[in-house]
Amino acid sequence: MINWLSFTSDLLGLRKTSDLATQFINIVGRELALDQAMLLVPNSDGRMLIPHDNGLNYSWLVTDFDSPFAHVLQSQQEMYLDAEALLFWQSNRTFKQLVSSVGMFDTVWIQPLNIEHCHINHILLLIGDSKQLRLVSKQESFLKFVDAFTQQWTLLYEIEREKQSGQLLKESLVDIQRNSRQQSHATDLSFTLIGKSEAMKRLREHIISAAESQLSVIIQGETGTGKELVAQAIHDFSPRKHEPFVAINCAAIPENLLESELFGYCKGAFSGADCDKQGLIAQANKGTLFLDEIGDMPLALQAKLLRVLESRSYRPVGGKHEQTSDFRLVSATHVNLLEQVNLKSFRQDLYYRLFQYPLSLPRLASRIEDVEQLSHHFVELFNTRHKRNIRGLHYKALDWLKSHSYPGNVRELKHLVEYGCAQTNDGSQLEEYCFANRFAPVVAQSIDTQIKSTESYSASCSPTVSHENLSSIDDLRCALSQFEEQIIRQRLDHYGGDREKAAKSLKVPKRTLAYKCQKLEIKR
């Protein structure tokens, strides 16, 4: 007679449910010399019964009544299946495989284990000698041993569930704090990267995300979109914000000097090198190195930069010893680097090394709604810098600014506002006429382009204004507005009101065309 209670102490010292189940099954299988001993437990969603030992490739749906396990769960009654009874349980392939080795004198004993706080009960599966299993199932000491196991499982399960809940709560709090911090940083960033458009909101979120990572960032955008501002923001909101931010424009330095600027040089390395000079890579140690217009970097220098990025070590020009620098690289370009790679003017391996975290800056023409906020900001900067008192912009001046396509992006808008402010008296608003000399060439060029484009259409699409009656114009601004309206209306008629096609044919953004239609009261 086995003294099952003597094994209880082997269970009570364990602190994990997985260890407890393994120890319990090992004791039962060893002492009864069983062919198979298995504990079936519900999976995470409670839909499947799986062995506690993940190495056993078995599983059963708790609602699959082709196996006896669903019946045991439903009835909460134990089940004994001898070799003859097993003939009725052959439709479930997995169960059939499990009991394939059951002999004539063996029995499959399936016992439900009632464990508190579990929606699906566990199942004890034992396969062995029929007489021995029938006998042990009636032994009080064995039943108490099983009861000790279920109570210990319940206790450990509760402890593990509380730990898991605490961990989830902790992770949730971390997520909340991170989101709150990112929102706060994005709000702070809105004072530098100005704009309420969706494009700018997304950009600020991506900048904060990029700043918190340690990945190399590549900033892509047209000239004047604010690439250096973005690079500075990535540094300012990163863990390296208290360390140096070192910037260099690769296109502004001659090729033969760029290497010595980046890597530094040793005394006597070349004519004029009278002393050692620290390069920008060394100066950026623990901080951020910003390489503007990296697409203009010579191929030979690209290979050396790639080595520095991979190994964090470099050698000054004329130097004999390796030096190290721990910097975070941020680069920018206005050219399409992938095209440069295809043209063999930019290294493919460096391209992929730079593009760990790409950021694309939107054109100002794609966020015209930000022109008003940007314009007021530039007026305030002008007032501060020049000690002036310009009272903002008249709405007609804003209309003029919003109608422009801005090939020079935000930088062009800034210069236009500064030009207008310079012609405005203190205490006055910036008026529409202040931009006449700056906008006239742009408008004239646009109209000239539109005339040439319009002439390619049939005579029915030609504007009614002719060269013969130009001498009768006495209000240029009104005439230009009327002529622009004629062109837009005729182009919309030609494309059946399709604004996207009309805007493309006139080489203006669809948003600009929509604004002009609203201003000129064109309903199509």
# chains A, B, ... in the order shown; residues from 1 in each chain; ligands from 1
$ residues_around --residues "segment 337-351 of chain A" --least-positions-apart "3" --cutoff "9 Å" --atoms "only C-alpha atoms" --output "PDB file with C-alpha atoms, in the first residue's frame"
ATOM      1  CA  GLY A 295      23.171  62.962 -51.208  1.00  0.00           C
ATOM      2  CA  ASP A 296      26.028  65.230 -52.345  1.00  0.00           C
ATOM      3  CA  MET A 297      28.672  63.332 -50.358  1.00  0.00           C
ATOM      4  CA  PRO A 298      31.458  61.867 -52.584  1.00  0.00           C
ATOM      5  CA  LEU A 299      31.413  58.088 -53.081  1.00  0.00           C
ATOM      6  CA  GLN A 302      30.520  57.411 -48.268  1.00  0.00           C
ATOM      7  CA  ALA A 303      32.526  54.209 -47.805  1.00  0.00           C
ATOM      8  CA  LEU A 305      31.226  57.002 -43.293  1.00  0.00           C
ATOM      9  CA  LEU A 306      29.657  53.541 -43.552  1.00  0.00           C
ATOM     10  CA  THR A 333      18.543  65.297 -48.429  1.00  0.00           C
ATOM     11  CA  HIS A 334      16.301  66.949 -51.007  1.00  0.00           C
ATOM     12  CA  LEU A 354      20.678  55.536 -43.249  1.00  0.00           C
ATOM     13  CA  PHE A 355      17.074  54.473 -43.775  1.00  0.00           C
TER      14      PHE A 355
END
$ closest_residue --among "A:Leu193, A:Leu257, A:Leu32, A:Val317" --to "Lys277 of chain A" --atoms "only C-alpha atoms"
A:Val317
$ residues_around --residues "Glu322 of chain A" --least-positions-apart "2" --cutoff "12 Å" --atoms "only C-alpha atoms" --output "list in words"
Phe263, Ala282, Val308, Ser311, Arg312, Ser313, Tyr314, Arg315, Pro316, Val317, Gly318, Gly319, Lys320, Thr324 and Ser325 of chain A
$ write_last_selection --atoms "C-alpha atoms" --output "mmCIF file, in the first residue's frame"
data_model
loop_
_atom_site.group_PDB
_atom_site.id
_atom_site.type_symbol
_atom_site.label_atom_id
_atom_site.label_comp_id
_atom_site.auth_asym_id
_atom_site.auth_seq_id
_atom_site.Cartn_x
_atom_site.Cartn_y
_atom_site.Cartn_z
ATOM 1 C CA PHE A 263 37.355 63.072 -39.334
ATOM 2 C CA ALA A 282 34.729 63.556 -32.505
ATOM 3 C CA VAL A 308 32.250 54.599 -38.915
ATOM 4 C CA SER A 311 32.213 50.117 -36.028
ATOM 5 C CA ARG A 312 31.971 53.542 -34.314
ATOM 6 C CA SER A 313 35.704 53.901 -34.950
ATOM 7 C CA TYR A 314 37.570 56.168 -37.368
ATOM 8 C CA ARG A 315 41.055 57.465 -38.112
ATOM 9 C CA PRO A 316 41.825 61.198 -38.540
ATOM 10 C CA VAL A 317 43.498 62.262 -41.769
ATOM 11 C CA GLY A 318 47.213 61.492 -41.357
ATOM 12 C CA GLY A 319 46.582 59.640 -38.096
ATOM 13 C CA LYS A 320 48.035 56.253 -37.145
ATOM 14 C CA THR A 324 35.985 56.100 -31.308
ATOM 15 C CA SER A 325 32.922 58.288 -31.141
#
$ atom_distance --atom1 "atom CA of Arg491 of chain A" --atom2 "atom CA of Ser505 of chain A"
8.3 Å
$ residues_around --residues "Leu14 of chain A" --least-positions-apart "2" --cutoff "12 Å" --atoms "only C-alpha atoms" --output "JSON list (two decimals) with N, CA and C atoms, in the first residue's frame"
[["chain", "number", "residue", "atom", "x", "y", "z"],
["A", 8, "THR", "N", 3.01, 14.53, -0.15],
["A", 8, "THR", "CA", 2.38, 15.85, -0.15],
["A", 8, "THR", "C", 3.40, 16.97, 0.01],
["A", 9, "SER", "N", 4.42, 16.72, 0.85],
["A", 9, "SER", "CA", 5.44, 17.75, 1.08],
["A", 9, "SER", "C", 6.20, 18.09, -0.20],
["A", 10, "ASP", "N", 6.28, 17.13, -1.13],
["A", 10, "ASP", "CA", 6.96, 17.38, -2.41],
["A", 10, "ASP", "C", 6.20, 18.39, -3.26],
["A", 11, "LEU", "N", 4.91, 18.51, -2.98],
["A", 11, "LEU", "CA", 4.09, 19.45, -3.75],
["A", 11, "LEU", "C", 4.03, 20.84, -3.11],
["A", 12, "LEU", "N", 4.00, 20.87, -1.79],
["A", 12, "LEU", "CA", 3.75, 22.13, -1.09],
["A", 12, "LEU", "C", 4.92, 23.10, -1.19],
["A", 16, "LYS", "N", 5.44, 27.34, -8.68],
["A", 16, "LYS", "CA", 4.90, 27.56, -10.02],
["A", 16, "LYS", "C", 3.94, 26.44, -10.38],
["A", 17, "THR", "N", 2.85, 26.79, -11.04],
["A", 17, "THR", "CA", 1.85, 25.78, -11.41],
["A", 17, "THR", "C", 2.45, 24.75, -12.37],
["A", 18, "SER", "N", 3.33, 25.19, -13.26],
["A", 18, "SER", "CA", 3.93, 24.26, -14.21],
["A", 18, "SER", "C", 4.80, 23.23, -13.50],
["A", 19, "ASP", "N", 5.59, 23.70, -12.52],
["A", 19, "ASP", "CA", 6.43, 22.77, -11.75],
["A", 19, "ASP", "C", 5.56, 21.82, -10.91],
["A", 20, "LEU", "N", 4.48, 22.36, -10.36],
["A", 20, "LEU", "CA", 3.58, 21.56, -9.53],
["A", 20, "LEU", "C", 2.96, 20.44, -10.36],
["A", 21, "ALA", "N", 2.47, 20.77, -11.58],
["A", 21, "ALA", "CA", 1.84, 19.76, -12.43],
["A", 21, "ALA", "C", 2.84, 18.68, -12.82],
["A", 22, "THR", "N", 4.06, 19.09, -13.16],
["A", 22, "THR", "CA", 5.09, 18.12, -13.55],
["A", 22, "THR", "C", 5.42, 17.17, -12.41],
["A", 23, "GLN", "N", 5.59, 17.72, -11.21],
["A", 23, "GLN", "CA", 5.91, 16.89, -10.03],
["A", 23, "GLN", "C", 4.77, 15.93, -9.71],
["A", 24, "PHE", "N", 3.55, 16.42, -9.76],
["A", 24, "PHE", "CA", 2.37, 15.60, -9.46],
["A", 24, "PHE", "C", 2.27, 14.42, -10.43],
["A", 149, "PHE", "N", -3.06, 18.43, -4.18],
["A", 149, "PHE", "CA", -2.56, 19.00, -5.44],
["A", 149, "PHE", "C", -3.49, 20.11, -5.94],
["A", 152, "GLN", "N", -3.19, 23.25, -3.82],
["A", 152, "GLN", "CA", -1.94, 23.96, -4.07],
["A", 152, "GLN", "C", -1.96, 24.65, -5.44],
["A", 153, "TRP", "N", -2.54, 23.98, -6.41],
["A", 153, "TRP", "CA", -2.68, 24.58, -7.74],
["A", 153, "TRP", "C", -3.51, 25.86, -7.66],
["A", 155, "LEU", "N", -3.96, 27.85, -5.14],
["A", 155, "LEU", "CA", -3.19, 28.90, -4.46],
["A", 155, "LEU", "C", -2.16, 29.51, -5.41],
["A", 156, "LEU", "N", -1.39, 28.66, -6.10],
["A", 156, "LEU", "CA", -0.36, 29.17, -7.01],
["A", 156, "LEU", "C", -0.97, 29.89, -8.20],
["A", 157, "TYR", "N", -2.11, 29.39, -8.67],
["A", 157, "TYR", "CA", -2.78, 30.04, -9.80],
["A", 157, "TYR", "C", -3.21, 31.46, -9.44]]
$ residues_around --residues "Ser481 of chain A" --least-positions-apart "4" --cutoff "10 Å" --atoms "only C-alpha atoms" --output "PyMOL selection string"
chain A and resi 476-477+485-486+516+520
$ write_last_selection --atoms "C-alpha atoms" --output "PDB file, in the first residue's frame"
ATOM      1  CA  LEU A 476      -4.031  94.996 -64.143  1.00  0.00           C
ATOM      2  CA  ARG A 477      -5.068  93.207 -60.962  1.00  0.00           C
ATOM      3  CA  GLU A 485     -11.120  82.828 -63.964  1.00  0.00           C
ATOM      4  CA  GLN A 486     -11.618  82.302 -67.714  1.00  0.00           C
ATOM      5  CA  LYS A 516      -9.039  79.658 -56.415  1.00  0.00           C
ATOM      6  CA  LEU A 520     -13.552  83.228 -57.786  1.00  0.00           C
TER       7      LEU A 520
END
$ select_by_dssp --residues "segment 183-409 of chain A" --states "strand (DSSP E or B)" --output "PDB file with C-alpha atoms, in the first residue's frame"
ATOM      1  CA  VAL A 217      17.190  59.045 -39.115  1.00  0.00           C
ATOM      2  CA  ILE A 218      17.028  60.220 -42.732  1.00  0.00           C
ATOM      3  CA  ILE A 219      14.957  63.373 -43.374  1.00  0.00           C
ATOM      4  CA  GLN A 220      13.625  63.793 -46.901  1.00  0.00           C
ATOM      5  CA  PHE A 245      24.401  68.843 -31.742  1.00  0.00           C
ATOM      6  CA  VAL A 246      26.919  69.127 -34.582  1.00  0.00           C
ATOM      7  CA  ALA A 247      25.706  70.019 -38.083  1.00  0.00           C
ATOM      8  CA  ILE A 248      27.463  70.167 -41.443  1.00  0.00           C
ATOM      9  CA  ASN A 249      26.201  70.785 -44.987  1.00  0.00           C
ATOM     10  CA  GLY A 264      39.774  65.803 -38.273  1.00  0.00           C
ATOM     11  CA  TYR A 265      43.487  65.624 -39.026  1.00  0.00           C
ATOM     12  CA  LYS A 277      42.371  69.376 -35.315  1.00  0.00           C
ATOM     13  CA  GLN A 278      39.372  67.549 -33.907  1.00  0.00           C
ATOM     14  CA  THR A 288      24.011  64.012 -32.526  1.00  0.00           C
ATOM     15  CA  LEU A 289      25.765  64.453 -35.876  1.00  0.00           C
ATOM     16  CA  PHE A 290      23.589  66.061 -38.565  1.00  0.00           C
ATOM     17  CA  LEU A 291      24.749  65.605 -42.150  1.00  0.00           C
ATOM     18  CA  ASP A 292      22.672  67.904 -44.349  1.00  0.00           C
ATOM     19  CA  SER A 313      35.704  53.901 -34.950  1.00  0.00           C
ATOM     20  CA  TYR A 314      37.570  56.168 -37.368  1.00  0.00           C
ATOM     21  CA  VAL A 317      43.498  62.262 -41.769  1.00  0.00           C
ATOM     22  CA  GLN A 323      39.593  56.685 -32.354  1.00  0.00           C
ATOM     23  CA  THR A 324      35.985  56.100 -31.308  1.00  0.00           C
ATOM     24  CA  ARG A 328      23.632  59.407 -33.250  1.00  0.00           C
ATOM     25  CA  LEU A 329      23.410  60.133 -36.979  1.00  0.00           C
ATOM     26  CA  VAL A 330      20.671  62.284 -38.476  1.00  0.00           C
ATOM     27  CA  SER A 331      20.943  63.039 -42.178  1.00  0.00           C
ATOM     28  CA  ALA A 332      18.879  64.987 -44.694  1.00  0.00           C
ATOM     29  CA  THR A 333      18.543  65.297 -48.429  1.00  0.00           C
ATOM     30  CA  TYR A 357      13.968  55.629 -39.540  1.00  0.00           C
ATOM     31  CA  PRO A 358      12.912  57.684 -42.599  1.00  0.00           C
ATOM     32  CA  LEU A 359      10.944  60.935 -42.212  1.00  0.00           C
ATOM     33  CA  SER A 360       9.298  62.727 -45.138  1.00  0.00           C
ATOM     34  CA  LEU A 393      -2.090  90.466 -41.897  1.00  0.00           C
TER      35      LEU A 393
END
$ residues_around --residues "Met104 of chain A" --least-positions-apart "3" --cutoff "10 Å" --atoms "only C-alpha atoms" --output "list in words"
Asp82, Ala83, Glu84, Ser101, Thr107, Asp129 and Ser130 of chain A
$ select_by_dssp --residues "segment 233-328 of chain A" --states "helix (DSSP H, G or I)" --output "PyMOL selection string"
chain A and resi 233-236+255-263+280-283+294-296+299-311
$ closest_residue --among "A:Cys266, A:Leu309, A:Arg391, A:Leu430" --to "His321 of chain A" --atoms "only C-alpha atoms"
A:Cys266
$ residues_around --residues "Trp4 of chain A" --least-positions-apart "4" --cutoff "9 Å" --atoms "only C-alpha atoms" --output "PyMOL selection string"
chain A and resi 8+141-145
$ atom_distance --atom1 "atom CA of Ile2 of chain A" --atom2 "atom CA of Pro51 of chain A"
26.0 Å
$ closest_residue --among "A:Thr192, A:Gln97, A:Asn256, A:Gln356" --to "Ser213 of chain A" --atoms "only C-alpha atoms"
A:Gln356
$ closest_atom_pairs --of "segment 330-378 of chain A" --to "segment 197-212 of chain A" --cutoff "8 Å" --atoms "only C-alpha atoms" --output "tab-separated table"
residue	atom	partner	partner_atom	distance
A:Tyr357	CA	A:Ala210	CA	6.8
A:Leu359	CA	A:His206	CA	7.5
A:Leu361	CA	A:Leu203	CA	7.3
A:Pro362	CA	A:Ala199	CA	6.9
A:Arg367	CA	A:Ser197	CA	6.3
A:Glu369	CA	A:Ser197	CA	6.7
A:Asp370	CA	A:Ser197	CA	6.3
$ write_last_selection --atoms "N, CA and C atoms" --output "CSV table (one decimal), in the first residue's frame"
chain,number,residue,atom,x,y,z
A,357,TYR,N,15.2,54.9,-39.9
A,357,TYR,CA,14.0,55.6,-39.5
A,357,TYR,C,13.8,56.8,-40.5
A,359,LEU,N,12.0,59.9,-42.4
A,359,LEU,CA,10.9,60.9,-42.2
A,359,LEU,C,10.8,61.7,-43.5
A,361,LEU,N,9.1,65.1,-45.1
A,361,LEU,CA,8.5,66.4,-44.8
A,361,LEU,C,7.5,66.9,-45.9
A,362,PRO,N,6.3,67.3,-45.5
A,362,PRO,CA,5.3,67.7,-46.5
A,362,PRO,C,5.7,69.0,-47.2
A,367,ARG,N,-0.2,71.6,-47.6
A,367,ARG,CA,-0.8,72.0,-46.4
A,367,ARG,C,-1.1,73.5,-46.3
A,369,GLU,N,-3.5,75.2,-45.6
A,369,GLU,CA,-4.2,75.6,-44.4
A,369,GLU,C,-3.3,76.1,-43.3
A,370,ASP,N,-2.0,75.8,-43.4
A,370,ASP,CA,-1.0,76.2,-42.4
A,370,ASP,C,-0.4,77.6,-42.7
$ closest_residue --among "A:Gln111, A:Gln373, A:Ser75, A:Asn121" --to "Val146 of chain A" --atoms "only C-alpha atoms"
A:Gln111
$ atom_distance --atom1 "atom CA of Lys387 of chain A" --atom2 "atom CA of Leu416 of chain A"
18.6 Å
